[in-house]
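The structure under discussion appears below in the form of structure tokens.
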Amino acid sequence: MQQRLALVLTLVGFFSACGGDGGATVDEAMSESALDAPNPDPVPTYTLDSSWPPALPNDWAMGVPTSVSVDPRDHVWVLHRPRTVPEGAEENAAPAVLEFDAEGAFVRAWGGPADGYDWPDTEHGIFVDHENNVWITGINPRAGGDVSDQSDDMVLKFTQDGTFLFQAGGFDASGGNADTENPRQPADVAVYAPTGEAFVADGYGNRRVWVLDAETGAFKRQWGAFGNAPVDAFPTGEARPPAAPADPDAPLETEGLGPDQWGIVHGIGVSRDGFVYVADRGNRRIQVFTVDGEYVMQGFVNRTGPAASTVARVVFSADPEQRYIFANDFGNGKIWILDRQTLETVGELGSLGADPGQFTNLHHIAVDSNNALYGAEVGRNSRVQKFVVTGR
């Protein structure tokens, strides 16, 4: 993988020097090169583990689960929205962060507004890093949000027991993509241990990857789609405009490279060999970069829909080479399995619906060391499901 991507980077430089369109040519070169290589590992297949999730203690009720992460011990972490518990259960709302051990037993819960930091009004993403630190993001817009009219312009870092470590940003803090000190409704985080950096999918209000020192929160660098400078989607200081209703009859763009800017930078992952994978949900694509922000390639995930929003997060298979990517299809009720070298789709699981094993608005996914998959649904299903490997 490393050698192949190094070859692609060489091609990037060559085509840029020649003044050609490096994006399309590099993608083709990457695909042709990688497809020639044999794949010794069959694609895994899955079945639903109906015993998961376990019951919560204290008669707690869970609101809409928005994100899930798996830590180095195979503990599963769920972020939910306590303000959305069913009517009549408000007094029994569980804390926002729930931890379960590798066998599925409940471990602890914490999180929510407290003195000393700004807890997001609309919880969005959770990521647990290699040191078992817990990162939280939120996406409440400046106006028209379900909870308040203040913008969740922050990323929070805690220890595994909920001790606050630091906050980058704050309510109504962002000045847009040009603001290197504050995010704007960030969606997701991934931490890369070798460089000690946190890569933020910044995300709903901005259109960038925003890189921080994972220990201090200090800004390091940023970039947009194809490595372009990110452009604000709406004016600084204004509320994010409400999303226009999707037109089911409108044809999807299925040809060409796609827009020069990202839509919603909804998910992010960094592979062991140091490549950053960005989930551009509305444009139905994954873009790949070096950790320094140099564009490598892109691939589309279910570009033909029918729903316009597909890949919402990127996670990697547990084998040493991380041969596969798992990408959840937000609008079409699938988890797609991609070859990481080519970004070609090689497998799938799930279907659109509300039955066990189906998905509606599958928002974030996670994978454990056994390649079991966990998915949080924010739509009408409002649940977390687990899938285990049944064959290869």
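Simple scheme: letters A, B, ... for chains in structure tokens order, numbers from 1 for residues in each chain, numbers from 1 for ligands in the order shown.
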
Self-check item: All residues 8 Å or closer to region 268-281 of chain A, only C-alpha atoms, same chain fewer than 4 positions away omitted, as a PyMOL selection string
Solution: chain A and resi 2+188-192+199-201+262-264+285-291+309-316+321-322+330

Using only C-alpha atoms, the shortest atom-to-atom distance to Thr159 (chain A) among A:Trp52, A:Trp223, A:Phe127, A:Tyr204 belongs to A:Phe127

| said: I need the residues in region 27-145 of chain A that are strand (DSSP E) according to DSSP; give them as a ChimeraX atom specification. | reply: /A:45-48,64-70,76-81,97-100,106-110,123-128,134-138

Can I get the selection written as a PDB file, in the first residue's frame, with C-alpha atoms?
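The file below, again-v7.pdb, is the result:
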```pdb
ATOM      1  CA  THR A  45     -19.594 -11.537   5.506  1.00  0.00           C
ATOM      2  CA  TYR A  46     -21.781 -10.577   8.458  1.00  0.00           C
ATOM      3  CA  THR A  47     -24.785 -11.446  10.571  1.00  0.00           C
ATOM      4  CA  LEU A  48     -26.677  -9.432  13.181  1.00  0.00           C
ATOM      5  CA  VAL A  64     -31.067   9.265  19.622  1.00  0.00           C
ATOM      6  CA  PRO A  65     -27.665   7.549  19.258  1.00  0.00           C
ATOM      7  CA  THR A  66     -25.562   9.682  16.947  1.00  0.00           C
ATOM      8  CA  SER A  67     -22.099   8.082  17.010  1.00  0.00           C
ATOM      9  CA  VAL A  68     -20.131   5.037  18.114  1.00  0.00           C
ATOM     10  CA  SER A  69     -16.427   4.278  18.612  1.00  0.00           C
ATOM     11  CA  VAL A  70     -14.324   1.290  19.702  1.00  0.00           C
ATOM     12  CA  VAL A  76     -17.653   0.196  22.689  1.00  0.00           C
ATOM     13  CA  TRP A  77     -18.559   3.851  23.245  1.00  0.00           C
ATOM     14  CA  VAL A  78     -21.918   5.308  22.251  1.00  0.00           C
ATOM     15  CA  LEU A  79     -22.754   9.016  22.077  1.00  0.00           C
ATOM     16  CA  HIS A  80     -26.449   9.821  22.251  1.00  0.00           C
ATOM     17  CA  ARG A  81     -28.605  12.927  22.622  1.00  0.00           C
ATOM     18  CA  VAL A  97     -21.523   9.044  26.802  1.00  0.00           C
ATOM     19  CA  LEU A  98     -22.061   5.305  27.357  1.00  0.00           C
ATOM     20  CA  GLU A  99     -19.265   2.718  27.651  1.00  0.00           C
ATOM     21  CA  PHE A 100     -19.643  -1.062  27.247  1.00  0.00           C
ATOM     22  CA  PHE A 106     -22.224  -1.770  30.743  1.00  0.00           C
ATOM     23  CA  VAL A 107     -19.158  -0.059  32.262  1.00  0.00           C
ATOM     24  CA  ARG A 108     -19.987   3.607  32.911  1.00  0.00           C
ATOM     25  CA  ALA A 109     -21.698   6.739  31.662  1.00  0.00           C
ATOM     26  CA  TRP A 110     -20.833  10.425  31.849  1.00  0.00           C
ATOM     27  CA  GLU A 123     -24.087  15.957  20.123  1.00  0.00           C
ATOM     28  CA  HIS A 124     -22.649  14.541  16.917  1.00  0.00           C
ATOM     29  CA  GLY A 125     -19.384  12.570  16.914  1.00  0.00           C
ATOM     30  CA  ILE A 126     -17.403  10.424  19.372  1.00  0.00           C
ATOM     31  CA  PHE A 127     -13.903   9.053  18.844  1.00  0.00           C
ATOM     32  CA  VAL A 128     -11.712   7.171  21.341  1.00  0.00           C
ATOM     33  CA  VAL A 134     -12.555  10.489  24.324  1.00  0.00           C
ATOM     34  CA  TRP A 135     -13.205  13.213  21.739  1.00  0.00           C
ATOM     35  CA  ILE A 136     -16.651  14.814  21.316  1.00  0.00           C
ATOM     36  CA  THR A 137     -18.056  17.079  18.583  1.00  0.00           C
ATOM     37  CA  GLY A 138     -21.375  18.869  18.089  1.00  0.00           C
TER      38      GLY A 138
END
```

Practice prompt. Would you list the contacts of Thr84 (chain A) as a PyMOL selection string, taking every protein, DNA or RNA residue within 12 Å and counting only C-alpha atoms, but skipping same-chain residues closer than 5 positions in sequence?
Written response: chain A and resi 61-66+89-96+121-123+146-147+378-380+382

Correct to one decimal, the distance CA of Gly331 (chain A)-CA of Thr390 (chain A) is 25.6 Å

Nearest to Asp161 (chain A), restricted to only C-alpha atoms and choosing among A:Ser174, A:Asn182, A:Asn132, A:Gln298, comes out as A:Asn132

- Using only C-alpha atoms, which residue out of A:Gly357, A:Pro54, A:Gly305, A:Gly282 lies closest to Ala102 (chain A)?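 Smallest distance to Ala102 (chain A) is found for A:Pro54.
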